[in-house]
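Novice: Dumping the structure here so I can ask a few things about it.
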Amino acid sequence: MLVLLGLFLVVPILMALWVSFSDWGGRGSPFSAGVNFVGLKNYEAVTSGGGLAEQNFGQALRNNLWYVVLVVPLQTIVALALASLVNNQRLKGKGFFRTAFYFPSVTSSVAITVLWMFLFSTTGAINKVLSWVGIHGPNWFNDPQGVVRAILARVGVEQGPSALVNHGFLGVTWWDWLAGPSWAMSALILLAVFTTSGTFMLLFLAALQNLSGDLQEAAMVDGATAWERFTKVTLPQLRPTLFTVITLGLIGCWQVFDQIYVATPGGSPDGTTLTPAYLSYQASFTNNAWGQGAAIAFILFVIIIVFTLIQRWALRERAVSKRRRLNPVPVKVAGLPAGEVER
């Protein structure tokens, strides 16, 4: 097993790392005599070069950041809601609902992306349904305008403040960073939530079925409502599963590629669906800038690690303070004063 992992995982990663520091053009071996070490040149080109490579990377990072910010919370909430629903003892036909909710996760991503394009086309079913309630649907896969900026335009805000328009990061102005996902990226965000929630539902469902019912019964005796039991009893016990779901969601969202490749080739419209994973592929296989493509891949790796550490810190077990241990909060039980409960 160690030999297989070394041959098919470790060695290719080390080769790609070397490519990111070289001027390899994609022909022959990256370790041949004609390949030169260029240091951080490839990394500088996409992060501080001031050219098209930096602007494309900044735009891809902006698009993917909005994708992560929206998809990860939505798919986690939807997955937990679905798991709670199918875990309900009073629900009839649990097997059917579990299969129905999980089915999009095992469907071919290419097939379901093509279906999504039909649904969100200008004359598709989504715009047709919106027209029934008096809403003129957008041109989903052809309008590059950000959703946030479109909403601001409806209320008369066409131009941002000079501090946001004249300054930026990675070749993209702060006004563009805050423009929100484009309509095309919004459709892909809904697609991601639709196709991944079923998988994470199974993880939450397995965790819910392994929880002991004693705490729930004790909370019911104490007069806790259903929402209080869920937020104060069930949810804290799901912290390990929540960590797993969010971690897998972050990794999947930062590596999104196939939906972009099928639905919006080249990151269209106007680069608003471009992601770092797709940009790495485009730089390597289309532009033959293999060093830049590898550099983008390793920058993306660092970003994933950083986000994983942040959410691990946010979901960590917090120690109870000494003052709280020595002075516990009195528990209220119907019909009994707090002093009687403590005794």
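Scheme for the structure tokens: letters A, B, ... for chains in order shown; per-chain residue numbers from 1; ligand numbers from 1 in order shown.
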Quick one: everything within 12 Å of range 210-213 of chain A, counting only C-alpha atoms, minus sequence neighbours fewer than 2 positions away in the same chain. Send it as a PyMOL selection string.
Specialist: chain A and resi 87+203-208+215-220+229+233-238+241
Novice: For Ser48 in chain A, find every residue with an atom within 10 Å (counting only C-alpha atoms), except residues of its own chain fewer than 5 positions away, and show them as a list in words.
Specialist: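 Once the adjacent positions are removed, what remains is Lys41, Tyr43, Ala53, Glu54, Gln55, Phe169, Leu170 and Gly171 of chain A.
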Novice: Store the residues picked out above in a file with N, CA and C atoms, as a CSV table (one decimal), in the first residue's frame.
Specialist:
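result.csv, freshly written:
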chain,number,residue,atom,x,y,z
A,41,LYS,N,9.0,32.6,-9.9
A,41,LYS,CA,8.5,33.4,-11.0
A,41,LYS,C,7.0,33.1,-11.4
A,43,TYR,N,4.7,31.8,-9.4
A,43,TYR,CA,3.8,32.2,-8.3
A,43,TYR,C,3.7,33.7,-8.4
A,53,ALA,N,-2.4,37.3,-16.2
A,53,ALA,CA,-2.4,36.1,-15.3
A,53,ALA,C,-2.9,36.5,-13.9
A,54,GLU,N,-2.4,37.6,-13.4
A,54,GLU,CA,-2.9,38.0,-12.0
A,54,GLU,C,-4.3,38.4,-12.0
A,55,GLN,N,-4.8,39.1,-13.1
A,55,GLN,CA,-6.2,39.4,-13.1
A,55,GLN,C,-7.1,38.2,-13.2
A,169,PHE,N,-7.5,44.1,-5.2
A,169,PHE,CA,-6.6,43.0,-4.8
A,169,PHE,C,-6.5,42.0,-5.9
A,170,LEU,N,-5.3,41.6,-6.3
A,170,LEU,CA,-5.0,40.7,-7.3
A,170,LEU,C,-5.6,41.1,-8.7
A,171,GLY,N,-5.5,42.4,-8.9
A,171,GLY,CA,-6.0,43.0,-10.2
A,171,GLY,C,-7.5,43.1,-10.3
Novice: Do you know which residues are at most 9 Å from range 302-319 of chain A counting only C-alpha atoms, after dropping those on the same chain fewer than 2 positions away, and could you put them as a PyMOL selection string?
Specialist: chain A and resi 239-240+242-243+246-247+250-251+254+297-300+321
